[in-house]
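> Dropping in protein-v2.pdb, with PDB, C-alpha atoms.
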ATOM      1  CA  MET A  71     130.249  60.398  73.817
ATOM      2  CA  ASN A  72     128.338  61.019  70.597
ATOM      3  CA  LEU A  73     127.402  64.433  69.225
ATOM      4  CA  ASN A  74     123.782  64.323  70.472
ATOM      5  CA  THR A  75     124.786  63.447  74.024
ATOM      6  CA  ALA A  76     127.295  66.332  74.044
ATOM      7  CA  LYS A  77     124.627  68.750  72.800
ATOM      8  CA  ASN A  78     122.192  67.545  75.432
ATOM      9  CA  LEU A  79     124.803  68.029  78.136
ATOM     10  CA  ILE A  80     125.481  71.594  76.985
ATOM     11  CA  VAL A  81     121.763  72.413  76.960
ATOM     12  CA  LEU A  82     121.370  70.868  80.412
ATOM     13  CA  ASN A  83     124.310  72.879  81.761
ATOM     14  CA  VAL A  84     122.955  76.120  80.304
ATOM     15  CA  PHE A  85     119.558  75.381  81.836
ATOM     16  CA  LEU A  86     121.064  74.575  85.234
ATOM     17  CA  CYS A  87     123.147  77.755  85.187
ATOM     18  CA  ALA A  88     120.096  79.869  84.296
ATOM     19  CA  ALA A  89     118.071  78.220  87.046
ATOM     20  CA  ALA A  90     120.875  78.764  89.557
ATOM     21  CA  ILE A  91     121.140  82.464  88.627
ATOM     22  CA  ALA A  92     117.380  82.905  88.898
ATOM     23  CA  ILE A  93     117.201  81.186  92.289
ATOM     24  CA  THR A  94     120.176  83.160  93.619
ATOM     25  CA  SER A  95     118.663  86.476  92.472
ATOM     26  CA  CYS A  96     115.356  85.642  94.122
ATOM     27  CA  GLY A  97     117.144  84.747  97.328
ATOM     28  CA  THR A  98     119.087  88.004  97.283
ATOM     29  CA  ALA A  99     115.918  90.001  96.587
ATOM     30  CA  THR A 100     114.071  88.291  99.425
ATOM     31  CA  PHE A 101     116.988  88.810 101.766
ATOM     32  CA  SER A 102     117.283  92.491 100.802
ATOM     33  CA  LYS A 103     113.521  93.006 101.126
ATOM     34  CA  THR A 104     113.695  91.515 104.615
ATOM     35  CA  GLY A 105     116.546  93.876 105.438
ATOM     36  CA  SER A 106     114.628  96.832 104.036
ATOM     37  CA  ASP A 107     111.529  95.913 106.064
ATOM     38  CA  ALA A 108     113.685  95.595 109.181
ATOM     39  CA  GLN A 109     115.104  99.060 108.525
ATOM     40  CA  ILE A 110     111.581 100.503 108.284
ATOM     41  CA  GLU A 111     110.591  98.744 111.525
ATOM     42  CA  SER A 112     113.671 100.209 113.186
ATOM     43  CA  LEU A 113     112.647 103.714 112.043
ATOM     44  CA  ARG A 114     109.106 103.101 113.314
ATOM     45  CA  ASN A 115     110.428 102.096 116.739
ATOM     46  CA  PHE A 116     112.671 105.153 116.853
ATOM     47  CA  GLU A 117     109.771 107.488 116.030
ATOM     48  CA  LEU A 118     107.420 105.865 118.563
ATOM     49  CA  ALA A 119     110.109 106.130 121.255
ATOM     50  CA  PHE A 120     110.623 109.782 120.289
ATOM     51  CA  ILE A 121     106.911 110.489 120.834
ATOM     52  CA  ASP A 122     106.934 108.546 124.103
ATOM     53  CA  GLU A 123     109.884 110.597 125.337
ATOM     54  CA  PHE A 124     108.615 114.071 124.433
ATOM     55  CA  ALA A 125     104.819 113.880 124.177
ATOM     56  CA  VAL A 126     104.364 113.669 127.919
ATOM     57  CA  PRO A 127     101.735 115.951 129.467
ATOM     58  CA  GLY A 128     103.214 118.224 132.132
ATOM     59  CA  LYS A 129     106.836 117.312 131.390
ATOM     60  CA  ARG A 130     109.248 120.260 131.237
ATOM     61  CA  PHE A 131     110.481 120.792 127.694
ATOM     62  CA  ASN A 132     114.203 120.162 127.302
ATOM     63  CA  ALA A 133     115.119 121.893 124.035
ATOM     64  CA  ALA A 134     118.675 120.534 123.935
ATOM     65  CA  ALA A 135     117.557 116.924 124.440
ATOM     66  CA  PHE A 136     114.793 117.414 121.899
ATOM     67  CA  ASP A 137     117.152 118.828 119.262
ATOM     68  CA  ALA A 138     119.661 116.045 119.892
ATOM     69  CA  LYS A 139     116.964 113.413 119.333
ATOM     70  CA  VAL A 140     115.717 115.146 116.172
ATOM     71  CA  ASN A 141     119.278 115.286 114.825
ATOM     72  CA  GLU A 142     119.677 111.591 115.614
ATOM     73  CA  GLY A 143     116.434 110.894 113.756
ATOM     74  CA  ASN A 144     117.463 112.963 110.745
ATOM     75  CA  ALA A 145     120.742 111.062 110.538
ATOM     76  CA  LYS A 146     118.928 107.713 110.780
ATOM     77  CA  PHE A 147     116.490 108.573 108.005
ATOM     78  CA  GLN A 148     119.193 109.974 105.722
ATOM     79  CA  GLN A 149     121.311 106.879 106.249
ATOM     80  CA  ALA A 150     118.345 104.603 105.581
ATOM     81  CA  ILE A 151     117.530 106.451 102.335
ATOM     82  CA  ALA A 152     121.165 106.297 101.203
ATOM     83  CA  ASP A 153     121.493 102.587 102.061
ATOM     84  CA  GLU A 154     118.181 101.511 100.486
ATOM     85  CA  LYS A 155     118.909  98.990  97.729
ATOM     86  CA  PHE A 156     115.358  99.011  96.353
ATOM     87  CA  THR A 157     115.115 102.269  94.436
ATOM     88  CA  ALA A 158     111.300 101.970  94.514
ATOM     89  CA  ARG A 159     111.454 102.095  98.322
ATOM     90  CA  ARG A 160     113.339 105.394  98.460
ATOM     91  CA  PRO A 161     110.256 107.611  97.905
ATOM     92  CA  VAL A 162     108.531 105.646 100.681
ATOM     93  CA  LEU A 163     111.417 106.382 103.049
ATOM     94  CA  THR A 164     111.296 110.025 101.986
ATOM     95  CA  ASP A 165     107.569 110.075 102.876
ATOM     96  CA  LEU A 166     108.381 108.561 106.274
ATOM     97  CA  LYS A 167     111.041 111.220 106.794
ATOM     98  CA  GLY A 168     108.383 113.821 105.946
ATOM     99  CA  GLN A 169     106.162 112.347 108.658
ATOM    100  CA  PHE A 170     109.034 112.465 111.166
ATOM    101  CA  ASP A 171     109.713 116.123 110.275
ATOM    102  CA  ALA A 172     106.018 116.996 110.705
ATOM    103  CA  ASP A 173     105.814 115.128 114.032
ATOM    104  CA  ALA A 174     108.959 116.831 115.335
ATOM    105  CA  ALA A 175     107.702 120.302 114.333
ATOM    106  CA  HIS A 176     104.283 119.778 115.911
ATOM    107  CA  LEU A 177     105.699 118.204 119.050
ATOM    108  CA  ARG A 178     108.214 121.025 119.509
ATOM    109  CA  SER A 179     105.451 123.590 119.122
ATOM    110  CA  LYS A 180     103.155 121.872 121.633
ATOM    111  CA  ALA A 181     105.698 120.617 124.183
ATOM    112  CA  SER A 182     107.547 123.933 124.373
ATOM    113  CA  ARG A 183     104.243 125.599 125.368
ATOM    114  CA  GLY A 184     103.225 122.813 127.751
ATOM    115  CA  LYS A 185     100.210 121.961 125.575
ATOM    116  CA  VAL A 186     100.667 118.215 125.190
ATOM    117  CA  THR A 187      97.634 116.103 126.071
ATOM    118  CA  PRO A 188      97.395 112.307 126.473
ATOM    119  CA  ALA A 189      95.094 112.219 123.425
ATOM    120  CA  LEU A 190      97.681 114.052 121.306
ATOM    121  CA  ALA A 191     100.352 111.491 122.174
ATOM    122  CA  SER A 192      98.138 108.480 121.487
ATOM    123  CA  GLU A 193      96.761 109.894 118.215
ATOM    124  CA  MET A 194     100.279 110.739 117.016
ATOM    125  CA  LYS A 195     101.387 107.160 117.665
ATOM    126  CA  LYS A 196      98.298 105.867 115.889
ATOM    127  CA  ASP A 197      99.231 107.899 112.785
ATOM    128  CA  VAL A 198     102.845 106.755 112.917
ATOM    129  CA  ASN A 199     101.813 103.103 113.069
ATOM    130  CA  LYS A 200      99.363 103.604 110.203
ATOM    131  CA  ILE A 201     101.826 105.262 107.838
ATOM    132  CA  TYR A 202     104.507 102.654 108.590
ATOM    133  CA  ASP A 203     102.025  99.815 108.031
ATOM    134  CA  HIS A 204     101.133 101.336 104.664
ATOM    135  CA  ALA A 205     104.817 101.756 103.836
ATOM    136  CA  LEU A 206     105.254  98.035 104.471
ATOM    137  CA  GLY A 207     102.248  97.246 102.282
ATOM    138  CA  ARG A 208     100.036  96.077 105.155
TER     139      ARG A 208
ATOM    140  CA  MET B1075      74.978 129.129 114.001
ATOM    141  CA  PRO B1076      74.788 126.429 116.649
ATOM    142  CA  SER B1077      72.449 126.679 119.530
ATOM    143  CA  ALA B1078      71.571 124.392 122.373
ATOM    144  CA  GLY B1079      67.941 124.350 121.288
ATOM    145  CA  LYS B1080      65.822 121.523 120.025
ATOM    146  CA  PRO B1081      67.561 119.385 117.380
ATOM    147  CA  LYS B1082      66.593 120.581 113.913
ATOM    148  CA  ARG B1083      67.034 117.306 112.012
ATOM    149  CA  LYS B1084      66.626 113.683 112.866
ATOM    150  CA  LYS B1085      67.573 110.653 110.853
ATOM    151  CA  SER B1086      64.929 108.033 110.427
ATOM    152  CA  SER B1087      66.955 105.074 111.652
ATOM    153  CA  GLY B1088      70.246 103.931 113.113
ATOM    154  CA  LYS B1089      72.089 104.821 116.298
ATOM    155  CA  ARG B1090      73.085 108.487 116.523
ATOM    156  CA  SER B1091      76.782 109.021 117.056
ATOM    157  CA  GLU B1092      78.083 111.570 119.533
ATOM    158  CA  LEU B1093      79.176 113.714 116.594
ATOM    159  CA  ASP B1094      75.785 113.466 114.861
ATOM    160  CA  SER B1095      74.055 114.487 118.076
ATOM    161  CA  ALA B1096      76.292 117.562 118.319
ATOM    162  CA  LEU B1097      75.858 118.546 114.669
ATOM    163  CA  ASP B1098      72.093 118.062 114.862
ATOM    164  CA  GLN B1099      71.994 120.982 117.293
ATOM    165  CA  VAL B1100      72.838 123.414 114.490
ATOM    166  CA  THR B1101      69.794 125.536 113.791
ATOM    167  CA  ASP B1102      71.153 128.092 111.315
ATOM    168  CA  GLU B1103      69.849 126.968 107.921
ATOM    169  CA  SER B1104      72.945 127.799 105.842
ATOM    170  CA  VAL B1105      75.285 126.095 108.302
ATOM    171  CA  ALA B1106      72.915 123.146 108.711
ATOM    172  CA  VAL B1107      73.136 122.438 104.956
ATOM    173  CA  SER B1108      76.927 122.064 105.199
ATOM    174  CA  MET B1109      76.608 119.899 108.303
ATOM    175  CA  LYS B1110      74.072 117.677 106.544
ATOM    176  CA  GLU B1111      76.379 117.325 103.518
ATOM    177  CA  PHE B1112      79.226 116.414 105.845
ATOM    178  CA  GLN B1113      77.170 113.871 107.804
ATOM    179  CA  ASP B1114      75.949 112.233 104.579
ATOM    180  CA  LEU B1115      79.451 111.984 103.148
ATOM    181  CA  LEU B1116      80.818 110.658 106.423
ATOM    182  CA  ALA B1117      78.093 108.007 106.557
ATOM    183  CA  GLN B1118      78.902 106.989 102.950
ATOM    184  CA  ALA B1119      82.612 106.792 103.745
ATOM    185  CA  LYS B1120      82.025 104.717 106.886
ATOM    186  CA  GLY B1121      80.065 102.215 104.789
ATOM    187  CA  ASP B1122      82.481 102.101 101.860
ATOM    188  CA  THR B1123      83.998  98.844 100.662
ATOM    189  CA  SER B1124      87.527 100.231 100.912
ATOM    190  CA  GLU B1125      89.064  99.672 104.329
ATOM    191  CA  LEU B1126      91.217 102.780 103.993
ATOM    192  CA  ILE B1127      88.205 105.008 103.272
ATOM    193  CA  ARG B1128      86.329 103.511 106.243
ATOM    194  CA  GLN B1129      89.377 103.873 108.494
ATOM    195  CA  ASN B1130      89.870 107.493 107.429
ATOM    196  CA  ALA B1131      86.229 108.331 108.174
ATOM    197  CA  GLN B1132      86.398 106.608 111.551
ATOM    198  CA  GLU B1133      89.561 108.464 112.535
ATOM    199  CA  LEU B1134      88.124 111.773 111.408
ATOM    200  CA  GLU B1135      84.991 111.252 113.475
ATOM    201  CA  GLU B1136      87.000 110.212 116.543
ATOM    202  CA  ARG B1137      89.184 113.301 116.256
ATOM    203  CA  LEU B1138      86.228 115.626 115.873
ATOM    204  CA  VAL B1139      84.844 114.127 119.089
ATOM    205  CA  LEU B1140      88.249 114.581 120.803
ATOM    206  CA  LEU B1141      88.214 118.215 119.680
ATOM    207  CA  LYS B1142      84.702 118.746 120.984
ATOM    208  CA  GLU B1143      85.713 117.178 124.301
ATOM    209  CA  LYS B1144      88.783 119.489 124.398
ATOM    210  CA  LYS B1145      91.149 116.504 124.538
ATOM    211  CA  ILE B1146      92.944 117.944 121.507
ATOM    212  CA  ASP B1147      92.895 121.515 120.195
ATOM    213  CA  LYS B1148      92.453 122.949 116.692
ATOM    214  CA  GLU B1149      96.221 122.931 116.043
ATOM    215  CA  ASP B1150      96.310 119.223 116.821
ATOM    216  CA  PHE B1151      93.251 118.572 114.686
ATOM    217  CA  ASP B1152      94.747 120.438 111.695
ATOM    218  CA  PHE B1153      98.008 118.525 112.160
ATOM    219  CA  PHE B1154      96.165 115.184 112.089
ATOM    220  CA  VAL B1155      94.184 116.228 109.014
ATOM    221  CA  GLU B1156      97.456 116.977 107.206
ATOM    222  CA  ASN B1157      98.777 113.553 108.264
ATOM    223  CA  GLN B1158      95.651 111.894 106.896
ATOM    224  CA  LYS B1159      95.888 113.840 103.626
ATOM    225  CA  ARG B1160      99.552 112.870 103.200
ATOM    226  CA  ASP B1161      98.709 109.218 103.699
ATOM    227  CA  LEU B1162      95.618 109.341 101.446
ATOM    228  CA  ARG B1163      97.238 111.011  98.444
ATOM    229  CA  VAL B1164      99.324 107.900  97.846
ATOM    230  CA  PHE B1165      96.198 105.740  98.079
ATOM    231  CA  ILE B1166      94.157 107.939  95.691
ATOM    232  CA  ASP B1167      96.952 108.132  93.131
ATOM    233  CA  GLY B1168      97.021 104.348  93.145
ATOM    234  CA  GLN B1169      93.302 104.015  92.354
ATOM    235  CA  PRO B1170      91.987 103.405  88.818
ATOM    236  CA  ALA B1171      91.107 106.695  87.088
ATOM    237  CA  GLN B1172      87.358 105.994  87.143
ATOM    238  CA  THR B1173      87.286 105.519  90.936
ATOM    239  CA  GLN B1174      89.689 108.320  91.852
ATOM    240  CA  GLU B1175      86.992 110.999  91.939
ATOM    241  CA  ARG B1176      84.812 109.015  94.345
ATOM    242  CA  ALA B1177      87.804 108.101  96.526
ATOM    243  CA  GLU B1178      88.829 111.751  96.663
ATOM    244  CA  LYS B1179      85.290 112.850  97.541
ATOM    245  CA  LEU B1180      85.084 110.337 100.404
ATOM    246  CA  THR B1181      88.512 111.166 101.791
ATOM    247  CA  LEU B1182      90.194 114.503 100.990
ATOM    248  CA  HIS B1183      86.909 116.340 100.403
ATOM    249  CA  ILE B1184      85.471 115.168 103.743
ATOM    250  CA  LEU B1185      88.648 116.233 105.541
ATOM    251  CA  GLU B1186      88.394 119.645 103.889
ATOM    252  CA  ILE B1187      84.761 120.147 104.939
ATOM    253  CA  ALA B1188      85.599 118.970 108.457
ATOM    254  CA  ALA B1189      88.499 121.397 108.806
ATOM    255  CA  THR B1190      86.804 124.423 107.266
ATOM    256  CA  LYS B1191      83.137 124.038 108.200
ATOM    257  CA  VAL B1192      82.604 121.494 110.970
ATOM    258  CA  VAL B1193      85.475 122.460 113.280
ATOM    259  CA  PRO B1194      84.397 126.127 113.638
ATOM    260  CA  VAL B1195      80.901 124.941 114.568
ATOM    261  CA  LEU B1196      82.211 122.472 117.149
ATOM    262  CA  ILE B1197      84.534 125.077 118.637
ATOM    263  CA  MET B1198      81.613 127.449 119.071
ATOM    264  CA  MET B1199      79.797 124.700 120.965
ATOM    265  CA  ILE B1200      82.622 124.215 123.467
TER     266      ILE B1200
END
Please render this file's structure as structure tokens.


Amino acid sequence: MNLNTAKNLIVLNVFLCAAAIAITSCGTATFSKTGSDAQIESLRNFELAFIDEFAVPGKRFNAAAFDAKVNEGNAKFQQAIADEKFTARRPVLTDLKGQFDADAAHLRSKASRGKVTPALASEMKKDVNKIYDHALGR
Amino acid sequence: MPSAGKPKRKKSSGKRSELDSALDQVTDESVAVSMKEFQDLLAQAKGDTSELIRQNAQELEERLVLLKEKKIDKEDFDFFVENQKRDLRVFIDGQPAQTQERAEKLTLHILEIAATKVVPVLIMMI
């Protein structure tokens, strides 16, 4: 093997290594982004189910069940924020947590006084879907 | 203040929305000016090129109608306005500086007028 061939082989190897690193990083980023999106979808489903369970006109308000669900939600959001690999996504998750807090406070206030209407429930779900769609860049 | 009398203003063309019909019943001159400003801004927002501005205007109008029909109350309306503001602030901050003022006028400003000037009028009509 002459000197030129050896040099060419080294350059080729360096190029292949760089390409491999770049491809692997992209794959990891895509995979993590998918995971992050799935986490946000999971939080959306939790919040919609929460509204479905407690924003029911005429249903007797069960404070203990409500508090338990809110605590479960708080834990889910805190875990999601702590686990988020994309630092840029953390403020988005914090905004979503803010929405959950606002929904829980309003729902508690209305449900505990028996003032839930069908329109309230459907408009709340509309807002939840909108903010989650925006969080996902849709 | 509102009265059930003859509508004071009429637009020259286009289908009148349920909200427009209600606001057109305002006969008090000082209140009517605010209602006219609101209706004009809402019409601008509903025809804007930005989907988010159009969507915001549409939602606001629907919720004012729900309030008038007593399907939601003022607490609910104020809660939804805060939700809309929270969502919009991110959008406005992301706009180029030269379009931020217009975006704010067609979103946050409309919500403010609705909450402070239009809602009291609608509640009096109920």

> Rounded to one decimal in Å, what is the spacing between CA of Val1195 in chain B and CA of Phe1151 in chain B?

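Separating CA of Val1195 in chain B from CA of Phe1151 in chain B is a distance of 13.9 Å.
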
> Considering only C-alpha atoms, state which residue in the set A:Ala125, A:Ala133, A:Glu142, A:Arg114 is at the smallest distance from Ile201 in chain A.

A:Arg114

> Which residues of chain B come within 10 Å of chain A, and for each one, what is the closest pair of atoms and their distance in Å to one decimal, counting all atoms listed in the file, sorted by chain and residue number, as a tab-separated table?


residue	atom	partner	partner_atom	distance
B:Glu1133	CA	A:Glu193	CA	9.3
B:Glu1136	CA	A:Glu193	CA	9.9
B:Arg1137	CA	A:Glu193	CA	8.5
B:Leu1140	CA	A:Ala189	CA	7.7
B:Leu1141	CA	A:Ala189	CA	9.9
B:Lys1144	CA	A:Thr187	CA	9.6
B:Lys1145	CA	A:Ala189	CA	5.9
B:Ile1146	CA	A:Leu190	CA	6.1
B:Asp1147	CA	A:Leu190	CA	8.9
B:Glu1149	CA	A:His176	CA	8.7
B:Asp1150	CA	A:Leu190	CA	7.0
B:Phe1151	CA	A:Leu190	CA	9.2
B:Phe1153	CA	A:His176	CA	7.4
B:Phe1154	CA	A:Met194	CA	7.8
B:Glu1156	CA	A:Ala172	CA	9.2
B:Asn1157	CA	A:Asp197	CA	7.3
B:Gln1158	CA	A:Asp197	CA	8.0
B:Arg1160	CA	A:Asp165	CA	8.5
B:Asp1161	CA	A:Ile201	CA	6.5
B:Leu1162	CA	A:Ile201	CA	9.8
B:Val1164	CA	A:His204	CA	9.6
B:Phe1165	CA	A:His204	CA	9.3

> Which residues are near Leu1093 in chain B? Cut-off 8 Å, only C-alpha atoms, ignore same chain within fewer than 3 positions. Put them as a list in words.

Ala1096, Leu1097, Glu1135, Leu1138 and Val1139 of chain B

> Could those selected residues go to a file with C-alpha atoms, as a compact mmCIF listing (two decimals), keeping the file's coordinate frame?


# COMPACT_ATOMS: atom_id res chain seq x y z
CA ALA B 1096 76.29 117.56 118.32
CA LEU B 1097 75.86 118.55 114.67
CA GLU B 1135 84.99 111.25 113.48
CA LEU B 1138 86.23 115.63 115.87
CA VAL B 1139 84.84 114.13 119.09

> How many Å separate CA of Thr164 in chain A from CA of Arg178 in chain A?

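CA of Arg178 in chain A lies at a distance of 20.9 Å from CA of Thr164 in chain A.
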
> When you count only C-alpha atoms, which of these residues is closest to Lys1191 in chain B: B:Glu1111, B:Asp1094, B:Glu1143, B:Glu1125?

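Of B:Glu1111, B:Asp1094, B:Glu1143, B:Glu1125, the one nearest Lys1191 in chain B is B:Glu1111, counting only C-alpha atoms.
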
> Figure out the distance between CA of Ser182 in chain A and CA of Ala134 in chain A, please, to one decimal in Å.

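Between these atoms lies a distance of 11.6 Å.
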
> Show me, as a PyMOL selection string, the residues that have an atom within 12 Å of Phe116 in chain A when counting all atoms listed in the file, minus same-chain residues fewer than 4 positions from it.

chain A and resi 109-112+120-123+139-140+142-147+166-167+170+195+198-199+202

> Create the file for the chosen residues now, containing C-alpha atoms and written as a PDB file, keeping the file's coordinate frame.


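Wrote it out as out31.pdb, contents follow:
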ATOM      1  CA  GLN A 109     115.104  99.060 108.525  1.00  0.00           C
ATOM      2  CA  ILE A 110     111.581 100.503 108.284  1.00  0.00           C
ATOM      3  CA  GLU A 111     110.591  98.744 111.525  1.00  0.00           C
ATOM      4  CA  SER A 112     113.671 100.209 113.186  1.00  0.00           C
ATOM      5  CA  PHE A 120     110.623 109.782 120.289  1.00  0.00           C
ATOM      6  CA  ILE A 121     106.911 110.489 120.834  1.00  0.00           C
ATOM      7  CA  ASP A 122     106.934 108.546 124.103  1.00  0.00           C
ATOM      8  CA  GLU A 123     109.884 110.597 125.337  1.00  0.00           C
ATOM      9  CA  LYS A 139     116.964 113.413 119.333  1.00  0.00           C
ATOM     10  CA  VAL A 140     115.717 115.146 116.172  1.00  0.00           C
ATOM     11  CA  GLU A 142     119.677 111.591 115.614  1.00  0.00           C
ATOM     12  CA  GLY A 143     116.434 110.894 113.756  1.00  0.00           C
ATOM     13  CA  ASN A 144     117.463 112.963 110.745  1.00  0.00           C
ATOM     14  CA  ALA A 145     120.742 111.062 110.538  1.00  0.00           C
ATOM     15  CA  LYS A 146     118.928 107.713 110.780  1.00  0.00           C
ATOM     16  CA  PHE A 147     116.490 108.573 108.005  1.00  0.00           C
ATOM     17  CA  LEU A 166     108.381 108.561 106.274  1.00  0.00           C
ATOM     18  CA  LYS A 167     111.041 111.220 106.794  1.00  0.00           C
ATOM     19  CA  PHE A 170     109.034 112.465 111.166  1.00  0.00           C
ATOM     20  CA  LYS A 195     101.387 107.160 117.665  1.00  0.00           C
ATOM     21  CA  VAL A 198     102.845 106.755 112.917  1.00  0.00           C
ATOM     22  CA  ASN A 199     101.813 103.103 113.069  1.00  0.00           C
ATOM     23  CA  TYR A 202     104.507 102.654 108.590  1.00  0.00           C
TER      24      TYR A 202
END

> Nearest to Arg1090 in chain B: which of B:Ala1117, B:Val1105, B:Val1192, B:Ile1127 is it, counting all atoms listed in the file?

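Smallest distance to Arg1090 in chain B is found for B:Ala1117.
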
> Compute the distance from (84.8, 103.7, 105.4) to each atom, counting only C-alpha atoms, keep the residues with any atom at most 10 Å away, and return them as a ChimeraX atom specification; use the coordinates of the file.

/B:1116-1133,1180-1181

> Let me have the centre and edge lengths in Å, one decimal, of the box along x, y and z around every listed atom of range 1101-1110 of chain B with 3 Å of margin on each side, as JSON.


{"center_x": 73.4, "center_y": 122.9, "center_z": 109.4, "size_x": 13.1, "size_y": 16.4, "size_z": 14.8}

> What would the selection look like, as a PyMOL selection string, if the PyMOL selection byres ((chain B and resi 1200) around 9) were run on the coordinates I just shared?

chain B and resi 1142-1144+1196-1199

> Go through A:Asp137, A:Asn115, A:Gln148, A:Arg159 one by one, measure the shortest atom-to-atom distance of each to Ala175 in chain A using only C-alpha atoms, and give the residue with the smallest value.

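Comparing A:Asp137, A:Asn115, A:Gln148, A:Arg159 against Ala175 in chain A, the winner is A:Asp137.
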
> So which residues touch Glu154 in chain A within 9 Å, counting only C-alpha atoms, skipping near sequence neighbours fewer than 3 positions away, as a PyMOL selection string?

chain A and resi 106+109+149-151+157+159-160+163
